[in-house]
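Participant: This is the content of upload-v6.json (JSON, C-alpha atoms):
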[["chain", "number", "residue", "atom", "x", "y", "z"],
["A", 25, "HIS", "CA", 74.24, 136.25, 82.23],
["A", 26, "LEU", "CA", 72.52, 133.20, 80.75],
["A", 27, "PRO", "CA", 70.54, 131.50, 83.52],
["A", 28, "LEU", "CA", 69.85, 128.32, 81.50],
["A", 29, "LEU", "CA", 73.32, 127.82, 79.99],
["A", 30, "SER", "CA", 74.37, 124.20, 80.39],
["A", 31, "ILE", "CA", 77.19, 123.73, 77.86],
["A", 32, "LEU", "CA", 79.69, 126.34, 76.69],
["A", 33, "ALA", "CA", 81.67, 125.03, 73.69],
["A", 34, "LEU", "CA", 84.18, 127.51, 72.27],
["A", 35, "HIS", "CA", 86.93, 125.04, 71.40],
["A", 36, "SER", "CA", 89.06, 125.13, 68.24],
["A", 37, "ASN", "CA", 88.98, 128.86, 67.58],
["A", 38, "ASN", "CA", 91.54, 131.64, 67.82],
["A", 39, "LEU", "CA", 90.34, 133.05, 71.13],
["A", 40, "ASP", "CA", 93.12, 134.66, 73.10],
["A", 41, "ARG", "CA", 93.94, 136.66, 76.21],
["A", 42, "THR", "CA", 93.22, 135.18, 79.62],
["A", 43, "LEU", "CA", 90.44, 132.73, 80.44],
["A", 44, "PRO", "CA", 87.31, 134.56, 81.54],
["A", 45, "GLU", "CA", 86.13, 134.76, 85.12],
["A", 46, "PHE", "CA", 82.77, 133.13, 85.74],
["A", 47, "PRO", "CA", 80.18, 134.34, 88.27],
["A", 48, "ALA", "CA", 79.43, 131.82, 91.02],
["A", 49, "SER", "CA", 75.80, 131.71, 89.88],
["A", 50, "CYS", "CA", 76.73, 130.44, 86.39],
["A", 51, "PRO", "CA", 74.74, 127.20, 85.86],
["A", 52, "VAL", "CA", 77.08, 125.68, 83.23],
["A", 53, "LYS", "CA", 77.86, 121.94, 83.54],
["A", 54, "GLU", "CA", 80.35, 121.61, 80.69],
["A", 55, "ILE", "CA", 82.95, 124.11, 79.46],
["A", 56, "TYR", "CA", 85.13, 123.41, 76.42],
["A", 57, "LEU", "CA", 87.77, 126.08, 75.74],
["A", 58, "SER", "CA", 90.38, 123.80, 74.18],
["A", 59, "GLY", "CA", 92.39, 124.53, 71.06],
["A", 60, "ASN", "CA", 92.56, 128.30, 71.39],
["A", 61, "ARG", "CA", 95.34, 130.70, 72.33],
["A", 62, "PHE", "CA", 94.38, 131.48, 75.92],
["A", 63, "VAL", "CA", 97.24, 132.59, 78.19],
["A", 64, "GLY", "CA", 97.60, 133.07, 81.92],
["A", 65, "THR", "CA", 96.33, 130.81, 84.66],
["A", 66, "ILE", "CA", 93.21, 128.70, 85.10],
["A", 67, "PRO", "CA", 90.87, 130.92, 87.15],
["A", 68, "ASN", "CA", 89.43, 129.44, 90.33],
["A", 69, "SER", "CA", 86.05, 130.91, 89.40],
["A", 70, "LEU", "CA", 86.02, 128.57, 86.39],
["A", 71, "VAL", "CA", 86.83, 125.29, 88.11],
["A", 72, "MET", "CA", 84.79, 125.96, 91.25],
["A", 73, "LEU", "CA", 81.42, 126.44, 89.55],
["A", 74, "GLU", "CA", 78.88, 124.55, 91.63],
["A", 75, "LYS", "CA", 77.34, 122.53, 88.77],
["A", 76, "LEU", "CA", 80.49, 122.10, 86.67],
["A", 77, "GLU", "CA", 81.15, 118.49, 85.64],
["A", 78, "LYS", "CA", 83.45, 118.69, 82.61],
["A", 79, "VAL", "CA", 86.11, 121.24, 81.78],
["A", 80, "GLY", "CA", 88.46, 121.23, 78.81],
["A", 81, "VAL", "CA", 91.22, 123.82, 78.65],
["A", 82, "ASP", "CA", 93.74, 121.73, 76.73],
["A", 83, "SER", "CA", 95.87, 122.93, 73.82],
["A", 84, "ASN", "CA", 96.18, 126.55, 74.86],
["A", 85, "GLN", "CA", 99.15, 128.49, 76.24],
["A", 86, "LEU", "CA", 98.16, 128.39, 79.89],
["A", 87, "THR", "CA", 100.79, 128.81, 82.60],
["A", 88, "GLY", "CA", 100.87, 128.55, 86.38],
["A", 89, "TYR", "CA", 99.69, 125.65, 88.46],
["A", 90, "LEU", "CA", 96.85, 123.18, 88.37],
["A", 91, "PRO", "CA", 94.06, 124.64, 90.52],
["A", 92, "PRO", "CA", 94.34, 123.43, 94.13],
["A", 93, "ARG", "CA", 90.57, 122.90, 94.34],
["A", 94, "LEU", "CA", 87.99, 121.82, 91.80],
["A", 95, "SER", "CA", 84.23, 121.67, 91.97],
["A", 96, "PRO", "CA", 83.25, 118.46, 93.82],
["A", 97, "ASN", "CA", 81.07, 117.53, 90.82],
["A", 98, "ILE", "CA", 83.97, 117.42, 88.35],
["A", 99, "VAL", "CA", 84.10, 114.17, 86.40],
["A", 100, "GLN", "CA", 86.51, 115.27, 83.68],
["A", 101, "LEU", "CA", 89.46, 117.65, 83.54],
["A", 102, "THR", "CA", 91.51, 117.95, 80.37],
["A", 103, "ALA", "CA", 94.36, 120.44, 80.61],
["A", 104, "GLN", "CA", 96.99, 118.82, 78.40],
["A", 105, "ASN", "CA", 99.27, 120.62, 75.94],
["A", 106, "ASN", "CA", 99.81, 123.78, 77.97],
["A", 107, "HIS", "CA", 102.70, 125.14, 80.03],
["A", 108, "LEU", "CA", 101.38, 124.22, 83.49],
["A", 109, "GLU", "CA", 103.84, 123.45, 86.28],
["A", 110, "GLY", "CA", 103.87, 122.49, 89.93],
["A", 111, "THR", "CA", 102.59, 119.24, 91.35],
["A", 112, "ILE", "CA", 99.38, 117.24, 91.07],
["A", 113, "PRO", "CA", 97.34, 118.66, 93.96],
["A", 114, "ILE", "CA", 96.57, 116.03, 96.58],
["A", 115, "THR", "CA", 93.10, 117.58, 96.79],
["A", 116, "PHE", "CA", 92.33, 116.00, 93.39],
["A", 117, "CYS", "CA", 92.07, 112.70, 95.28],
["A", 118, "GLU", "CA", 88.95, 114.04, 97.02],
["A", 119, "LEU", "CA", 87.13, 114.12, 93.67],
["A", 120, "LYS", "CA", 85.17, 110.91, 94.03],
["A", 121, "ASN", "CA", 83.31, 111.41, 90.72],
["A", 122, "MET", "CA", 86.41, 112.06, 88.58],
["A", 123, "ASP", "CA", 86.66, 109.59, 85.72],
["A", 124, "ARG", "CA", 89.13, 111.33, 83.39],
["A", 125, "LEU", "CA", 92.24, 113.33, 84.24],
["A", 126, "SER", "CA", 94.38, 114.36, 81.27],
["A", 127, "ILE", "CA", 97.28, 116.66, 82.10],
["A", 128, "GLN", "CA", 99.92, 115.36, 79.69],
["A", 129, "ASN", "CA", 102.47, 117.50, 77.89],
["A", 130, "ASN", "CA", 102.96, 120.14, 80.58],
["A", 131, "SER", "CA", 105.74, 120.62, 83.12],
["A", 132, "ILE", "CA", 104.03, 118.97, 86.10],
["A", 133, "SER", "CA", 106.63, 117.70, 88.56],
["A", 134, "GLY", "CA", 106.89, 115.83, 91.84],
["A", 135, "PRO", "CA", 105.42, 112.44, 92.71],
["A", 136, "ILE", "CA", 102.13, 110.96, 91.62],
["A", 137, "PRO", "CA", 99.97, 111.16, 94.77],
["A", 138, "SER", "CA", 99.35, 107.69, 96.18],
["A", 139, "CYS", "CA", 95.79, 108.68, 97.02],
["A", 140, "ILE", "CA", 94.91, 108.49, 93.32],
["A", 141, "GLY", "CA", 94.16, 104.87, 94.18],
["A", 142, "ASN", "CA", 91.16, 106.17, 96.15],
["A", 143, "MET", "CA", 89.58, 107.62, 93.00],
["A", 144, "SER", "CA", 87.27, 104.66, 92.47],
["A", 145, "LEU", "CA", 85.56, 105.99, 89.31],
["A", 146, "LEU", "CA", 88.77, 107.04, 87.54],
["A", 147, "THR", "CA", 88.98, 105.31, 84.14],
["A", 148, "HIS", "CA", 91.51, 107.46, 82.26],
["A", 149, "LEU", "CA", 94.73, 108.91, 83.67],
["A", 150, "ASN", "CA", 97.16, 110.58, 81.30],
["A", 151, "VAL", "CA", 100.26, 112.22, 82.75],
["A", 152, "ASP", "CA", 102.60, 111.61, 79.76],
["A", 153, "ASP", "CA", 105.34, 114.09, 78.92],
["A", 154, "ASN", "CA", 105.75, 115.85, 82.25],
["A", 155, "GLN", "CA", 108.51, 115.92, 84.86],
["A", 156, "LEU", "CA", 106.97, 113.51, 87.39],
["A", 157, "THR", "CA", 109.44, 111.82, 89.75],
["A", 158, "GLY", "CA", 109.52, 108.97, 92.23],
["A", 159, "GLU", "CA", 107.90, 105.58, 91.99],
["A", 160, "VAL", "CA", 104.51, 104.77, 90.56],
["A", 161, "PRO", "CA", 102.44, 104.38, 93.73],
["A", 162, "PRO", "CA", 101.27, 100.80, 94.28],
["A", 163, "GLU", "CA", 97.98, 102.21, 95.60],
["A", 164, "MET", "CA", 97.02, 103.01, 92.01],
["A", 165, "GLY", "CA", 95.99, 99.38, 91.76],
["A", 166, "ASN", "CA", 93.09, 100.21, 94.10],
["A", 167, "ALA", "CA", 91.47, 102.34, 91.38],
["A", 168, "ALA", "CA", 89.63, 99.31, 90.05],
["A", 169, "ASN", "CA", 87.98, 101.13, 87.12],
["A", 170, "LEU", "CA", 91.23, 102.35, 85.54],
["A", 171, "VAL", "CA", 91.19, 101.35, 81.89],
["A", 172, "PHE", "CA", 93.87, 103.63, 80.41],
["A", 173, "VAL", "CA", 97.03, 104.76, 82.22],
["A", 174, "TRP", "CA", 99.63, 106.78, 80.35],
["A", 175, "MET", "CA", 102.82, 107.81, 82.16],
["A", 176, "ARG", "CA", 105.40, 107.94, 79.35],
["A", 177, "ASN", "CA", 108.28, 110.41, 79.19],
["A", 178, "ASN", "CA", 108.56, 111.41, 82.82],
["A", 179, "LYS", "CA", 111.33, 110.88, 85.37],
["A", 180, "LEU", "CA", 109.66, 108.01, 87.21],
["A", 181, "SER", "CA", 111.90, 105.38, 88.79],
["A", 182, "GLY", "CA", 111.78, 102.08, 90.61],
["A", 183, "PRO", "CA", 109.94, 98.92, 89.68],
["A", 184, "PRO", "CA", 106.46, 99.01, 88.19],
["A", 185, "PRO", "CA", 103.95, 98.20, 90.91],
["A", 186, "ARG", "CA", 102.54, 94.67, 90.82],
["A", 187, "SER", "CA", 99.13, 96.13, 91.60],
["A", 188, "LEU", "CA", 98.92, 97.44, 88.03],
["A", 189, "SER", "CA", 99.36, 94.03, 86.42]]
Could you quickly redo this structure as structure tokens?
Facilitator:
Amino acid sequence: HLPLLSILALHSNNLDRTLPEFPASCPVKEIYLSGNRFVGTIPNSLVMLEKLEKVGVDSNQLTGYLPPRLSPNIVQLTAQNNHLEGTIPITFCELKNMDRLSIQNNSISGPIPSCIGNMSLLTHLNVDDNQLTGEVPPEMGNAANLVFVWMRNNKLSGPPPRSLS
């Protein structure tokens, strides 16, 4: 146990097996585990760390669902290029500090939650290359700080919302 650990950067290696469990007392603020060969699901103990702000688990071989709850301090979640499925949890909309959500190139399905428009600090949203359905919610236009929105290669339908123009 490293009581002063703030950043854990193990990205771009050949680490494998499942993602490690983290004790609740772990003080880490940033965890980068991208570009490895991790399998299995994203453990709740990882994304619920009290001080955690940034987590990168992209470009692994993770399966299962996006975690239903994240630490309220999360500002950045990158989980692209895995094998995740299920829907975008509506609880993500409660993350008032979130500025970057990158979950492209998975098998995420269902609609884009309209409450994403309540994420006032969100600047980057990338949901490319999934199985998302339904219309793009017009409420997304309420997320005034959105700079980049990627939604290519899904099963979205209907007209593009005027609120995004």
Participant: If we count only C-alpha atoms and set the cut-off at 6 Å, which residues sit around Asn105 of chain A, ignoring sequence neighbours fewer than 5 positions away in its own chain? Please answer as a PDB file with C-alpha atoms, in the frame of the given file.
Facilitator:
ATOM      1  CA  ASP A  82      93.740 121.730  76.730  1.00  0.00           C
ATOM      2  CA  SER A  83      95.870 122.930  73.820  1.00  0.00           C
ATOM      3  CA  ASN A 129     102.470 117.500  77.890  1.00  0.00           C
ATOM      4  CA  ASN A 130     102.960 120.140  80.580  1.00  0.00           C
TER       5      ASN A 130
END
Participant: Would you mind listing, for every residue of segment 92-121 of chain A within 12 Å of segment 152-165 of chain A, the two atoms forming the shortest contact and the distance between them in Å to one decimal, using all atoms listed in the file, sorted by chain and ascending residue number, as CSV?
Facilitator:
residue,atom,partner,partner_atom,distance
A:Gln104,CA,A:Asp152,CA,9.2
A:Asn105,CA,A:Asp153,CA,9.4
A:Asn106,CA,A:Asn154,CA,10.8
A:His107,CA,A:Asn154,CA,10.0
A:Leu108,CA,A:Asn154,CA,9.5
A:Glu109,CA,A:Asn154,CA,8.8
A:Gly110,CA,A:Gln155,CA,9.5
A:Thr111,CA,A:Leu156,CA,8.2
A:Ile112,CA,A:Leu156,CA,9.2
A:Cys117,CA,A:Met164,CA,11.4
Participant: Closest to Leu43 of chain A among A:Ile136, A:Ala167, A:Val99, A:Leu86, using all atoms listed in the file?
Facilitator: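 Among the listed residues, the smallest separation from Leu43 of chain A belongs to A:Leu86.
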Participant: Here is a test: counting all atoms listed in the file, which residue of A:Ser36, A:Asn60, A:Asn150, A:Ser69 is nearest to Ile127 of chain A?
Facilitator: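 Of the candidates, the smallest distance to Ile127 of chain A is held by A:Asn150.
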Participant: Write out as a ChimeraX atom specification each polymer residue whose atoms come within 8 Å of Val81 of chain A, counting all atoms listed in the file; drop sequence neighbours fewer than 4 positions from it.
Facilitator: /A:56-59,102-104
Participant: Please indicate the distance in Å from atom CA of Thr87 of chain A to atom CA of Ser133 of chain A, rounded to one decimal place.
Facilitator: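 Atom CA of Ser133 of chain A lies 13.9 Å from atom CA of Thr87 of chain A.
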Participant: Hey, what's within 12 Å of Ala48 of chain A if we count only C-alpha atoms and toss same-chain stuff fewer than 5 positions away? As a list in words, please?
Facilitator: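 That gives His25, Pro27, Asn68, Ser69, Leu70, Val71, Met72, Leu73, Glu74, Lys75, Leu76 and Ser95 of chain A.
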Participant: For a quick check of understanding, using all atoms listed in the file, which of A:Tyr89, A:Leu170, A:Ile31, A:Pro96 has the smallest distance to Leu125 of chain A?
Facilitator: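 Ranked by minimum distance to Leu125 of chain A, first place goes to A:Leu170.
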Participant: Could you jot down the atom CA of Pro184 of chain A to atom CA of Leu146 of chain A separation for me, Å, one decimal place?
Facilitator: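 These atoms are spaced 19.4 Å apart.
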Participant: Check the smallest atom-to-atom distance from each of A:Asn37, A:Leu90, A:Leu32, A:Leu188 to Gly64 of chain A using only C-alpha atoms, then report the winner.
Facilitator: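 Of A:Asn37, A:Leu90, A:Leu32, A:Leu188, the one nearest Gly64 of chain A is A:Leu90, counting only C-alpha atoms.
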Participant: My list of candidates is A:Lys53, A:Ser131, A:Asn169, A:Glu45. Which is closest to Ser30 of chain A when distances are computed with all atoms listed in the file?
Facilitator: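 With all atoms listed in the file as the atom set, the closest residue is A:Lys53.
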Participant: Let me know the centre plus edge lengths, in Å and rounded to one decimal, of a box with edges along x, y and z that contains all listed atoms of segment 46-49 of chain A and is padded by 4 Å on every side, as AutoDock Vina command-line options.
Facilitator:
--center_x 79.3 --center_y 133.0 --center_z 88.4 --size_x 15.0 --size_y 10.6 --size_z 13.3
